[in-house]
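**Student:** Input structure: model-v5.pdb, which contains PDB, C-alpha atoms, pLDDT in the B column.
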ATOM      1  CA  MET U   1       0.000   0.000   0.000  1.00 56.00           C
ATOM      2  CA  GLY U   2       1.375   3.448  -0.937  1.00 76.00           C
ATOM      3  CA  GLU U   3       1.995   6.262   1.505  1.00 90.00           C
ATOM      4  CA  ASP U   4      -1.035   8.216   0.314  1.00 92.00           C
ATOM      5  CA  GLN U   5      -3.290   5.202   0.785  1.00 90.00           C
ATOM      6  CA  GLU U   6      -1.925   4.739   4.280  1.00 92.00           C
ATOM      7  CA  LEU U   7      -2.652   8.378   5.038  1.00 94.00           C
ATOM      8  CA  MET U   8      -6.224   7.971   3.742  1.00 93.00           C
ATOM      9  CA  GLU U   9      -6.659   4.920   5.963  1.00 91.00           C
ATOM     10  CA  LEU U  10      -5.434   6.985   8.926  1.00 93.00           C
ATOM     11  CA  LEU U  11      -7.813   9.799   7.996  1.00 93.00           C
ATOM     12  CA  LYS U  12     -10.651   7.303   7.734  1.00 91.00           C
ATOM     13  CA  ALA U  13      -9.736   6.097  11.220  1.00 92.00           C
ATOM     14  CA  GLY U  14     -10.064   9.665  12.504  1.00 89.00           C
ATOM     15  CA  ASP U  15      -6.484  10.981  12.495  1.00 91.00           C
ATOM     16  CA  PRO U  16      -6.627  14.663  11.392  1.00 83.00           C
ATOM     17  CA  ARG U  17      -2.831  14.836  10.977  1.00 91.00           C
ATOM     18  CA  ALA U  18      -3.181  12.555   7.997  1.00 95.00           C
ATOM     19  CA  LEU U  19      -5.121  15.296   6.207  1.00 95.00           C
ATOM     20  CA  GLU U  20      -2.316  17.763   6.868  1.00 95.00           C
ATOM     21  CA  GLN U  21       0.186  15.362   5.375  1.00 96.00           C
ATOM     22  CA  LEU U  22      -1.952  14.736   2.312  1.00 96.00           C
ATOM     23  CA  ILE U  23      -2.219  18.497   1.848  1.00 96.00           C
ATOM     24  CA  GLU U  24       1.555  18.851   2.127  1.00 95.00           C
ATOM     25  CA  ARG U  25       2.083  16.090  -0.413  1.00 96.00           C
ATOM     26  CA  TRP U  26      -0.550  17.116  -2.972  1.00 97.00           C
ATOM     27  CA  ARG U  27      -1.515  20.768  -2.669  1.00 97.00           C
ATOM     28  CA  GLU U  28       1.181  22.230  -4.905  1.00 96.00           C
ATOM     29  CA  ARG U  29       0.890  19.603  -7.632  1.00 96.00           C
ATOM     30  CA  ALA U  30      -2.892  19.862  -7.638  1.00 97.00           C
ATOM     31  CA  GLU U  31      -2.827  23.664  -7.787  1.00 97.00           C
ATOM     32  CA  SER U  32      -0.453  23.602 -10.773  1.00 97.00           C
ATOM     33  CA  TYR U  33      -2.780  21.168 -12.491  1.00 96.00           C
ATOM     34  CA  ALA U  34      -5.835  23.332 -11.701  1.00 97.00           C
ATOM     35  CA  VAL U  35      -4.075  26.501 -12.928  1.00 96.00           C
ATOM     36  CA  GLY U  36      -3.517  24.668 -16.224  1.00 95.00           C
ATOM     37  CA  ILE U  37      -7.277  24.259 -16.560  1.00 94.00           C
ATOM     38  CA  LEU U  38      -8.616  27.458 -15.028  1.00 94.00           C
ATOM     39  CA  HIS U  39      -5.770  29.877 -15.901  1.00 94.00           C
ATOM     40  CA  ASP U  40      -6.477  31.671 -12.642  1.00 94.00           C
ATOM     41  CA  ARG U  41      -4.329  31.166  -9.541  1.00 96.00           C
ATOM     42  CA  GLN U  42      -7.007  32.095  -6.976  1.00 96.00           C
ATOM     43  CA  ALA U  43      -9.703  29.976  -8.634  1.00 95.00           C
ATOM     44  CA  ALA U  44      -7.234  27.076  -8.796  1.00 97.00           C
ATOM     45  CA  GLU U  45      -6.450  27.379  -5.076  1.00 96.00           C
ATOM     46  CA  ASP U  46     -10.183  27.415  -4.282  1.00 96.00           C
ATOM     47  CA  ALA U  47     -10.778  24.356  -6.473  1.00 97.00           C
ATOM     48  CA  VAL U  48      -8.016  22.388  -4.736  1.00 97.00           C
ATOM     49  CA  MET U  49      -9.316  23.388  -1.311  1.00 97.00           C
ATOM     50  CA  GLU U  50     -12.776  22.214  -2.335  1.00 97.00           C
ATOM     51  CA  ALA U  51     -11.266  18.945  -3.590  1.00 97.00           C
ATOM     52  CA  PHE U  52      -9.593  18.326  -0.220  1.00 97.00           C
ATOM     53  CA  ALA U  53     -12.925  19.051   1.504  1.00 96.00           C
ATOM     54  CA  ARG U  54     -14.700  16.507  -0.721  1.00 95.00           C
ATOM     55  CA  ILE U  55     -12.013  13.910  -0.048  1.00 93.00           C
ATOM     56  CA  TYR U  56     -12.416  14.602   3.674  1.00 94.00           C
ATOM     57  CA  ALA U  57     -16.218  14.324   3.408  1.00 93.00           C
ATOM     58  CA  SER U  58     -16.022  10.926   1.728  1.00 89.00           C
ATOM     59  CA  ARG U  59     -13.197   9.527   3.890  1.00 90.00           C
ATOM     60  CA  SER U  60     -15.420   7.027   5.700  1.00 86.00           C
ATOM     61  CA  ARG U  61     -16.160   5.261   2.404  1.00 82.00           C
ATOM     62  CA  TYR U  62     -12.589   5.268   1.174  1.00 81.00           C
ATOM     63  CA  GLU U  63     -11.363   2.034  -0.390  1.00 77.00           C
ATOM     64  CA  PRO U  64      -7.823   1.899  -1.770  1.00 72.00           C
ATOM     65  CA  LYS U  65      -8.756   0.539  -5.195  1.00 72.00           C
ATOM     66  CA  CYS U  66      -6.692   2.991  -7.215  1.00 73.00           C
ATOM     67  CA  ALA U  67      -3.882   5.444  -6.682  1.00 83.00           C
ATOM     68  CA  PHE U  68      -4.796   8.323  -4.406  1.00 88.00           C
ATOM     69  CA  GLY U  69      -3.137  10.836  -6.747  1.00 90.00           C
ATOM     70  CA  THR U  70      -5.152   9.792  -9.770  1.00 88.00           C
ATOM     71  CA  TRP U  71      -8.348   9.869  -7.761  1.00 88.00           C
ATOM     72  CA  PHE U  72      -7.558  13.225  -6.182  1.00 93.00           C
ATOM     73  CA  LEU U  73      -6.582  14.908  -9.446  1.00 94.00           C
ATOM     74  CA  THR U  74      -9.755  13.555 -11.037  1.00 91.00           C
ATOM     75  CA  VAL U  75     -11.764  15.229  -8.268  1.00 93.00           C
ATOM     76  CA  VAL U  76      -9.818  18.472  -8.868  1.00 96.00           C
ATOM     77  CA  ARG U  77     -10.444  18.230 -12.595  1.00 94.00           C
ATOM     78  CA  ARG U  78     -14.182  17.754 -12.141  1.00 92.00           C
ATOM     79  CA  ILE U  79     -14.392  20.765  -9.830  1.00 94.00           C
ATOM     80  CA  CYS U  80     -12.517  22.866 -12.407  1.00 95.00           C
ATOM     81  CA  ILE U  81     -14.793  21.675 -15.212  1.00 92.00           C
ATOM     82  CA  ASP U  82     -17.868  22.520 -13.134  1.00 90.00           C
ATOM     83  CA  GLU U  83     -16.457  25.984 -12.447  1.00 91.00           C
ATOM     84  CA  ILE U  84     -15.850  26.672 -16.130  1.00 91.00           C
ATOM     85  CA  ARG U  85     -19.282  25.316 -17.062  1.00 88.00           C
ATOM     86  CA  LYS U  86     -20.895  27.577 -14.485  1.00 84.00           C
ATOM     87  CA  ALA U  87     -19.124  30.573 -15.961  1.00 82.00           C
ATOM     88  CA  THR U  88     -19.409  29.818 -19.674  1.00 78.00           C
ATOM     89  CA  HIS U  89     -22.133  27.193 -20.160  1.00 68.00           C
ATOM     90  CA  GLN U  90     -19.791  25.640 -22.737  1.00 66.00           C
ATOM     91  CA  PRO U  91     -18.174  22.176 -23.078  1.00 64.00           C
ATOM     92  CA  VAL U  92     -14.673  22.245 -21.635  1.00 62.00           C
ATOM     93  CA  PRO U  93     -11.521  20.762 -23.200  1.00 63.00           C
ATOM     94  CA  VAL U  94      -9.181  19.840 -20.334  1.00 62.00           C
ATOM     95  CA  PRO U  95      -5.673  18.374 -20.129  1.00 64.00           C
ATOM     96  CA  GLU U  96      -5.169  14.738 -19.207  1.00 66.00           C
ATOM     97  CA  ILE U  97      -4.433  13.891 -15.598  1.00 63.00           C
ATOM     98  CA  PRO U  98      -0.646  13.832 -15.160  1.00 64.00           C
ATOM     99  CA  GLU U  99       1.090  10.539 -14.388  1.00 59.00           C
ATOM    100  CA  THR U 100       1.171   9.931 -10.656  1.00 57.00           C
ATOM    101  CA  GLY U 101       3.843   7.262 -10.748  1.00 51.00           C
ATOM    102  CA  THR U 102       1.613   4.256 -10.066  1.00 51.00           C
ATOM    103  CA  GLU U 103      -0.084   1.507 -11.981  1.00 45.00           C
ATOM    104  CA  SER U 104      -3.569   2.964 -11.738  1.00 50.00           C
ATOM    105  CA  ALA U 105      -5.323   4.515 -14.701  1.00 51.00           C
ATOM    106  CA  GLU U 106      -7.720   7.417 -14.909  1.00 54.00           C
ATOM    107  CA  THR U 107     -10.546   5.075 -15.888  1.00 54.00           C
ATOM    108  CA  GLU U 108     -10.229   3.305 -12.539  1.00 55.00           C
ATOM    109  CA  ALA U 109     -10.504   6.644 -10.814  1.00 54.00           C
ATOM    110  CA  LEU U 110     -13.634   7.433 -12.793  1.00 53.00           C
ATOM    111  CA  HIS U 111     -15.355   4.316 -11.470  1.00 52.00           C
ATOM    112  CA  ARG U 112     -14.637   5.562  -8.037  1.00 56.00           C
ATOM    113  CA  MET U 113     -16.365   8.796  -8.985  1.00 57.00           C
ATOM    114  CA  GLU U 114     -19.762   7.148  -8.595  1.00 58.00           C
ATOM    115  CA  ARG U 115     -19.364   7.499  -4.856  1.00 60.00           C
ATOM    116  CA  GLU U 116     -18.192  11.070  -5.096  1.00 74.00           C
ATOM    117  CA  ASP U 117     -20.935  12.090  -7.487  1.00 81.00           C
ATOM    118  CA  ARG U 118     -23.507  12.669  -4.799  1.00 86.00           C
ATOM    119  CA  ILE U 119     -21.081  14.866  -2.889  1.00 89.00           C
ATOM    120  CA  ARG U 120     -20.370  16.729  -6.115  1.00 88.00           C
ATOM    121  CA  ILE U 121     -24.083  17.381  -6.616  1.00 91.00           C
ATOM    122  CA  LEU U 122     -24.529  18.368  -2.966  1.00 92.00           C
ATOM    123  CA  ALA U 123     -21.597  20.774  -3.184  1.00 92.00           C
ATOM    124  CA  GLY U 124     -23.553  22.749  -5.767  1.00 91.00           C
ATOM    125  CA  PHE U 125     -26.653  23.158  -3.584  1.00 94.00           C
ATOM    126  CA  ASP U 126     -27.595  26.676  -2.537  1.00 94.00           C
ATOM    127  CA  GLU U 127     -28.319  27.677   1.076  1.00 95.00           C
ATOM    128  CA  THR U 128     -32.088  27.092   0.759  1.00 96.00           C
ATOM    129  CA  GLU U 129     -31.613  23.628  -0.738  1.00 96.00           C
ATOM    130  CA  ARG U 130     -29.150  22.728   2.004  1.00 96.00           C
ATOM    131  CA  ARG U 131     -31.541  23.846   4.749  1.00 96.00           C
ATOM    132  CA  ILE U 132     -34.506  22.032   3.204  1.00 96.00           C
ATOM    133  CA  LEU U 133     -32.538  18.806   2.747  1.00 96.00           C
ATOM    134  CA  LEU U 134     -31.100  18.829   6.258  1.00 96.00           C
ATOM    135  CA  GLY U 135     -34.371  19.908   7.894  1.00 96.00           C
ATOM    136  CA  PHE U 136     -36.570  17.446   6.041  1.00 95.00           C
ATOM    137  CA  SER U 137     -34.291  14.448   5.970  1.00 94.00           C
ATOM    138  CA  LEU U 138     -32.233  14.614   9.151  1.00 93.00           C
ATOM    139  CA  GLU U 139     -34.259  16.814  11.506  1.00 94.00           C
ATOM    140  CA  GLY U 140     -37.632  15.343  10.541  1.00 93.00           C
ATOM    141  CA  LYS U 141     -39.261  18.703   9.869  1.00 94.00           C
ATOM    142  CA  THR U 142     -42.397  18.923   7.739  1.00 94.00           C
ATOM    143  CA  THR U 143     -42.596  21.023   4.585  1.00 95.00           C
ATOM    144  CA  GLY U 144     -44.946  23.333   6.508  1.00 95.00           C
ATOM    145  CA  GLN U 145     -42.399  23.892   9.280  1.00 95.00           C
ATOM    146  CA  LEU U 146     -39.639  24.511   6.760  1.00 96.00           C
ATOM    147  CA  ALA U 147     -41.873  26.928   4.851  1.00 96.00           C
ATOM    148  CA  LYS U 148     -42.324  29.009   8.016  1.00 96.00           C
ATOM    149  CA  GLU U 149     -38.606  28.985   8.818  1.00 96.00           C
ATOM    150  CA  LEU U 150     -37.602  29.973   5.314  1.00 96.00           C
ATOM    151  CA  SER U 151     -40.419  32.479   4.723  1.00 96.00           C
ATOM    152  CA  MET U 152     -41.710  30.427   1.824  1.00 96.00           C
ATOM    153  CA  THR U 153     -45.039  28.800   1.032  1.00 95.00           C
ATOM    154  CA  ASP U 154     -45.555  25.087   1.615  1.00 95.00           C
ATOM    155  CA  GLY U 155     -45.864  24.637  -2.151  1.00 95.00           C
ATOM    156  CA  GLN U 156     -42.525  26.355  -2.773  1.00 95.00           C
ATOM    157  CA  VAL U 157     -40.783  24.062  -0.281  1.00 96.00           C
ATOM    158  CA  ARG U 158     -42.346  21.005  -1.944  1.00 95.00           C
ATOM    159  CA  VAL U 159     -41.152  22.215  -5.348  1.00 95.00           C
ATOM    160  CA  ARG U 160     -37.617  22.731  -3.993  1.00 96.00           C
ATOM    161  CA  LEU U 161     -37.713  19.276  -2.423  1.00 95.00           C
ATOM    162  CA  HIS U 162     -38.753  17.818  -5.767  1.00 94.00           C
ATOM    163  CA  ARG U 163     -35.833  19.599  -7.448  1.00 94.00           C
ATOM    164  CA  ILE U 164     -33.429  18.286  -4.804  1.00 94.00           C
ATOM    165  CA  ARG U 165     -34.574  14.713  -5.497  1.00 92.00           C
ATOM    166  CA  LYS U 166     -34.314  15.303  -9.233  1.00 91.00           C
ATOM    167  CA  LYS U 167     -30.770  16.658  -8.965  1.00 90.00           C
ATOM    168  CA  LEU U 168     -29.665  13.728  -6.789  1.00 88.00           C
ATOM    169  CA  ARG U 169     -31.293  11.249  -9.179  1.00 84.00           C
ATOM    170  CA  LYS U 170     -29.670  12.901 -12.182  1.00 78.00           C
ATOM    171  CA  GLY U 171     -26.299  12.730 -10.411  1.00 68.00           C
ATOM    172  CA  ALA U 172     -26.772   9.003  -9.832  1.00 64.00           C
ATOM    173  CA  ASP U 173     -27.809   8.464 -13.473  1.00 66.00           C
ATOM    174  CA  ASP U 174     -24.791  10.425 -14.752  1.00 63.00           C
ATOM    175  CA  ALA U 175     -22.516   8.329 -12.543  1.00 56.00           C
ATOM    176  CA  ASN U 176     -23.995   5.103 -13.895  1.00 55.00           C
ATOM    177  CA  GLU U 177     -23.549   6.293 -17.478  1.00 55.00           C
ATOM    178  CA  SER U 178     -19.896   7.273 -17.036  1.00 49.00           C
TER     179      SER U 178
ATOM    180  CA  MET Z   1      -4.689  32.184   4.230  1.00 75.00           C
ATOM    181  CA  ASN Z   2      -2.344  30.549   6.729  1.00 84.00           C
ATOM    182  CA  HIS Z   3      -1.914  26.819   7.195  1.00 86.00           C
ATOM    183  CA  ASP Z   4      -4.332  26.501  10.146  1.00 88.00           C
ATOM    184  CA  GLU Z   5      -7.056  28.520   8.458  1.00 92.00           C
ATOM    185  CA  TYR Z   6      -6.662  26.441   5.315  1.00 94.00           C
ATOM    186  CA  LEU Z   7      -6.972  23.213   7.266  1.00 94.00           C
ATOM    187  CA  ARG Z   8      -9.915  24.483   9.313  1.00 94.00           C
ATOM    188  CA  GLY Z   9     -11.678  25.628   6.139  1.00 95.00           C
ATOM    189  CA  ILE Z  10     -11.294  22.178   4.595  1.00 96.00           C
ATOM    190  CA  ILE Z  11     -12.562  20.393   7.697  1.00 95.00           C
ATOM    191  CA  LEU Z  12     -15.562  22.730   8.084  1.00 96.00           C
ATOM    192  CA  ARG Z  13     -16.555  22.392   4.448  1.00 96.00           C
ATOM    193  CA  GLY Z  14     -15.878  18.635   4.564  1.00 95.00           C
ATOM    194  CA  ASN Z  15     -18.113  18.207   7.613  1.00 95.00           C
ATOM    195  CA  GLU Z  16     -20.867  20.221   5.943  1.00 95.00           C
ATOM    196  CA  LEU Z  17     -20.711  18.034   2.833  1.00 95.00           C
ATOM    197  CA  GLU Z  18     -20.626  14.878   4.924  1.00 93.00           C
ATOM    198  CA  LEU Z  19     -23.784  15.954   6.762  1.00 95.00           C
ATOM    199  CA  LEU Z  20     -25.551  16.766   3.492  1.00 94.00           C
ATOM    200  CA  ASP Z  21     -24.480  13.390   2.117  1.00 92.00           C
ATOM    201  CA  ARG Z  22     -26.025  11.665   5.122  1.00 92.00           C
ATOM    202  CA  ALA Z  23     -29.224  13.673   4.650  1.00 94.00           C
ATOM    203  CA  ALA Z  24     -29.354  12.775   0.949  1.00 92.00           C
ATOM    204  CA  GLU Z  25     -28.910   9.112   1.803  1.00 89.00           C
ATOM    205  CA  LYS Z  26     -31.850   9.248   4.223  1.00 89.00           C
ATOM    206  CA  LEU Z  27     -34.105  11.350   2.015  1.00 86.00           C
ATOM    207  CA  PRO Z  28     -37.287   9.302   1.664  1.00 77.00           C
ATOM    208  CA  ALA Z  29     -38.316   8.535  -1.912  1.00 73.00           C
ATOM    209  CA  ARG Z  30     -41.435  10.360  -2.984  1.00 67.00           C
ATOM    210  CA  HIS Z  31     -44.324   8.234  -4.150  1.00 55.00           C
ATOM    211  CA  THR Z  32     -46.357  10.329  -6.542  1.00 56.00           C
ATOM    212  CA  ALA Z  33     -50.127  10.154  -6.846  1.00 56.00           C
ATOM    213  CA  VAL Z  34     -49.763   8.794 -10.401  1.00 58.00           C
ATOM    214  CA  ARG Z  35     -47.556   5.933  -9.199  1.00 59.00           C
ATOM    215  CA  GLY Z  36     -50.075   5.197  -6.445  1.00 57.00           C
ATOM    216  CA  ILE Z  37     -52.955   5.058  -8.939  1.00 65.00           C
ATOM    217  CA  ILE Z  38     -51.007   2.753 -11.266  1.00 66.00           C
ATOM    218  CA  ALA Z  39     -50.143   0.433  -8.356  1.00 62.00           C
ATOM    219  CA  ALA Z  40     -53.781   0.366  -7.200  1.00 65.00           C
ATOM    220  CA  ALA Z  41     -55.004  -0.354 -10.744  1.00 72.00           C
ATOM    221  CA  ALA Z  42     -52.503  -3.185 -11.135  1.00 70.00           C
ATOM    222  CA  ALA Z  43     -53.579  -4.673  -7.799  1.00 67.00           C
ATOM    223  CA  LEU Z  44     -57.239  -4.414  -8.820  1.00 69.00           C
ATOM    224  CA  LEU Z  45     -56.562  -6.148 -12.135  1.00 72.00           C
ATOM    225  CA  THR Z  46     -54.770  -9.054 -10.493  1.00 71.00           C
ATOM    226  CA  VAL Z  47     -57.850  -9.585  -8.315  1.00 68.00           C
ATOM    227  CA  LEU Z  48     -60.529  -8.904 -10.945  1.00 68.00           C
ATOM    228  CA  LEU Z  49     -59.105 -10.802 -13.928  1.00 68.00           C
ATOM    229  CA  PRO Z  50     -59.059 -14.244 -12.291  1.00 68.00           C
ATOM    230  CA  ALA Z  51     -62.481 -13.479 -10.776  1.00 69.00           C
ATOM    231  CA  ALA Z  52     -63.885 -12.545 -14.207  1.00 69.00           C
ATOM    232  CA  GLY Z  53     -62.401 -15.742 -15.656  1.00 67.00           C
ATOM    233  CA  ALA Z  54     -64.054 -17.794 -12.941  1.00 68.00           C
ATOM    234  CA  ALA Z  55     -67.399 -16.029 -13.508  1.00 67.00           C
ATOM    235  CA  HIS Z  56     -67.192 -16.796 -17.239  1.00 64.00           C
ATOM    236  CA  VAL Z  57     -67.064 -20.510 -16.443  1.00 62.00           C
ATOM    237  CA  PHE Z  58     -70.392 -20.290 -14.592  1.00 59.00           C
ATOM    238  CA  PHE Z  59     -72.298 -18.082 -17.068  1.00 58.00           C
TER     239      PHE Z  59
END
Could you render the structure as structure tokens?
**Tutor:**
Amino acid sequence: MGEDQELMELLKAGDPRALEQLIERWRERAESYAVGILHDRQAAEDAVMEAFARIYASRSRYEPKCAFGTWFLTVVRRICIDEIRKATHQPVPVPEIPETGTESAETEALHRMEREDRIRILAGFDETERRILLGFSLEGKTTGQLAKELSMTDGQVRVRLHRIRKKLRKGADDANES
Amino acid sequence: MNHDEYLRGIILRGNELELLDRAAEKLPARHTAVRGIIAAAAALLTVLLPAAGAAHVFF
């Protein structure tokens, strides 16, 4: 098992120092890669920070099936692509993921993306969607209660809830197609 | 942004995403009225069709 995989296992086990070490090992490389896509240093730094947050969020489901570097740079790439799409609404040509010195291929990393897809979709939720999802699903609030809290009508909350389900379903479908 | 802020930012955002992921996992599937009607109709047919067949034998 490589050093990165060991660090991910430690992170999964709850050791926060492992995250620091992964940042030390990968931040610079990932930012250079992101600058190559976004052509903007600040946006690249933000994208890499977001990628680390997504890795951290999905740590409990981590399985060392492919090289950490390939997986991580694939996450970075997807964040960059999403950023460009948001800004331009155009298809994005992006450079290949650089070699990370292991046997794993990008296609293996893409399979792993299925698990990250939901987090990717959730990362794009606005504040209202986040509050509705958390309130309805985890806190057991009704649409009526949420409507009051958010100064919306019950119908508006139901519509937003429908859109949340649709987005999550679309994310799952996209993952299955890739 | 210094090292500690960077790390704290990642952990905060990571925890937020993790919580949302848990909520998405638990989000109950919505059964629409249309799906309910279709299910009820299918159930009715499975009961009525054999019954109609049996009635045909007698009349």
**Student:** Which residues of chain Z come within 9 Å of chain U, and for each one, what is the closest pair of atoms and their distance in Å to one decimal, counting only C-alpha atoms, sorted by chain and residue number, as JSON lines?
**Tutor:**
{"residue": "Z:Tyr6", "atom": "CA", "partner": "U:Met49", "partner_atom": "CA", "distance": 7.8}
{"residue": "Z:Leu7", "atom": "CA", "partner": "U:Glu20", "partner_atom": "CA", "distance": 7.2}
{"residue": "Z:Gly9", "atom": "CA", "partner": "U:Met49", "partner_atom": "CA", "distance": 8.1}
{"residue": "Z:Ile10", "atom": "CA", "partner": "U:Ala53", "partner_atom": "CA", "distance": 4.7}
{"residue": "Z:Ile11", "atom": "CA", "partner": "U:Ala53", "partner_atom": "CA", "distance": 6.3}
{"residue": "Z:Leu12", "atom": "CA", "partner": "U:Ala53", "partner_atom": "CA", "distance": 8.0}
{"residue": "Z:Arg13", "atom": "CA", "partner": "U:Ala53", "partner_atom": "CA", "distance": 5.7}
{"residue": "Z:Gly14", "atom": "CA", "partner": "U:Ala53", "partner_atom": "CA", "distance": 4.3}
{"residue": "Z:Asn15", "atom": "CA", "partner": "U:Ala57", "partner_atom": "CA", "distance": 6.0}
{"residue": "Z:Glu16", "atom": "CA", "partner": "U:Ala57", "partner_atom": "CA", "distance": 7.9}
{"residue": "Z:Leu17", "atom": "CA", "partner": "U:Ala57", "partner_atom": "CA", "distance": 5.9}
{"residue": "Z:Glu18", "atom": "CA", "partner": "U:Ala57", "partner_atom": "CA", "distance": 4.7}
{"residue": "Z:Leu19", "atom": "CA", "partner": "U:Leu134", "partner_atom": "CA", "distance": 7.9}
{"residue": "Z:Leu20", "atom": "CA", "partner": "U:Leu134", "partner_atom": "CA", "distance": 6.5}
{"residue": "Z:Asp21", "atom": "CA", "partner": "U:Ile119", "partner_atom": "CA", "distance": 6.2}
{"residue": "Z:Arg22", "atom": "CA", "partner": "U:Leu138", "partner_atom": "CA", "distance": 8.0}
{"residue": "Z:Ala23", "atom": "CA", "partner": "U:Ser137", "partner_atom": "CA", "distance": 5.3}
{"residue": "Z:Ala24", "atom": "CA", "partner": "U:Leu133", "partner_atom": "CA", "distance": 7.1}
{"residue": "Z:Glu25", "atom": "CA", "partner": "U:Ser137", "partner_atom": "CA", "distance": 8.6}
{"residue": "Z:Lys26", "atom": "CA", "partner": "U:Ser137", "partner_atom": "CA", "distance": 6.0}
{"residue": "Z:Leu27", "atom": "CA", "partner": "U:Ser137", "partner_atom": "CA", "distance": 5.0}
{"residue": "Z:Pro28", "atom": "CA", "partner": "U:Ser137", "partner_atom": "CA", "distance": 7.3}
{"residue": "Z:Ala29", "atom": "CA", "partner": "U:Arg165", "partner_atom": "CA", "distance": 8.1}
{"residue": "Z:Arg30", "atom": "CA", "partner": "U:His162", "partner_atom": "CA", "distance": 8.4}
**Student:** Do a neighbour search on Gly155 (chain U) at 10 Å with only C-alpha atoms, toss out local chain neighbours closer than 6 positions, and write the hits as JSON, numbers by chain.
**Tutor:** {"U": [143, 144, 147, 161]}
**Student:** To test your reading of the syntax: which residues would the PyMOL selection byres ((chain U and resi 77) around 9) return for the file shown? Reply as a VMD selection string.
**Tutor:** chain U and resid 33 to 34 37 47 72 to 76 78 to 82 94 to 95 97
**Student:** How many Å separate CA of Asp40 (chain U) from CA of Gln21 (chain U)?
**Tutor:**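 Calculated distance between CA of Asp40 (chain U) and CA of Gln21 (chain U) is 25.2 Å.
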**Student:** Mind giving me the straight-line distance from CA of Glu28 (chain U) to CA of Glu83 (chain U) in Å, one decimal?
**Tutor:**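 Separating CA of Glu28 (chain U) from CA of Glu83 (chain U) is a distance of 19.5 Å.
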**Student:** Distance CA of Glu6 (chain U)-CA of Ala18 (chain U), one decimal place?
**Tutor:**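 Atom-to-atom, CA of Glu6 (chain U) to CA of Ala18 (chain U), that is 8.7 Å.
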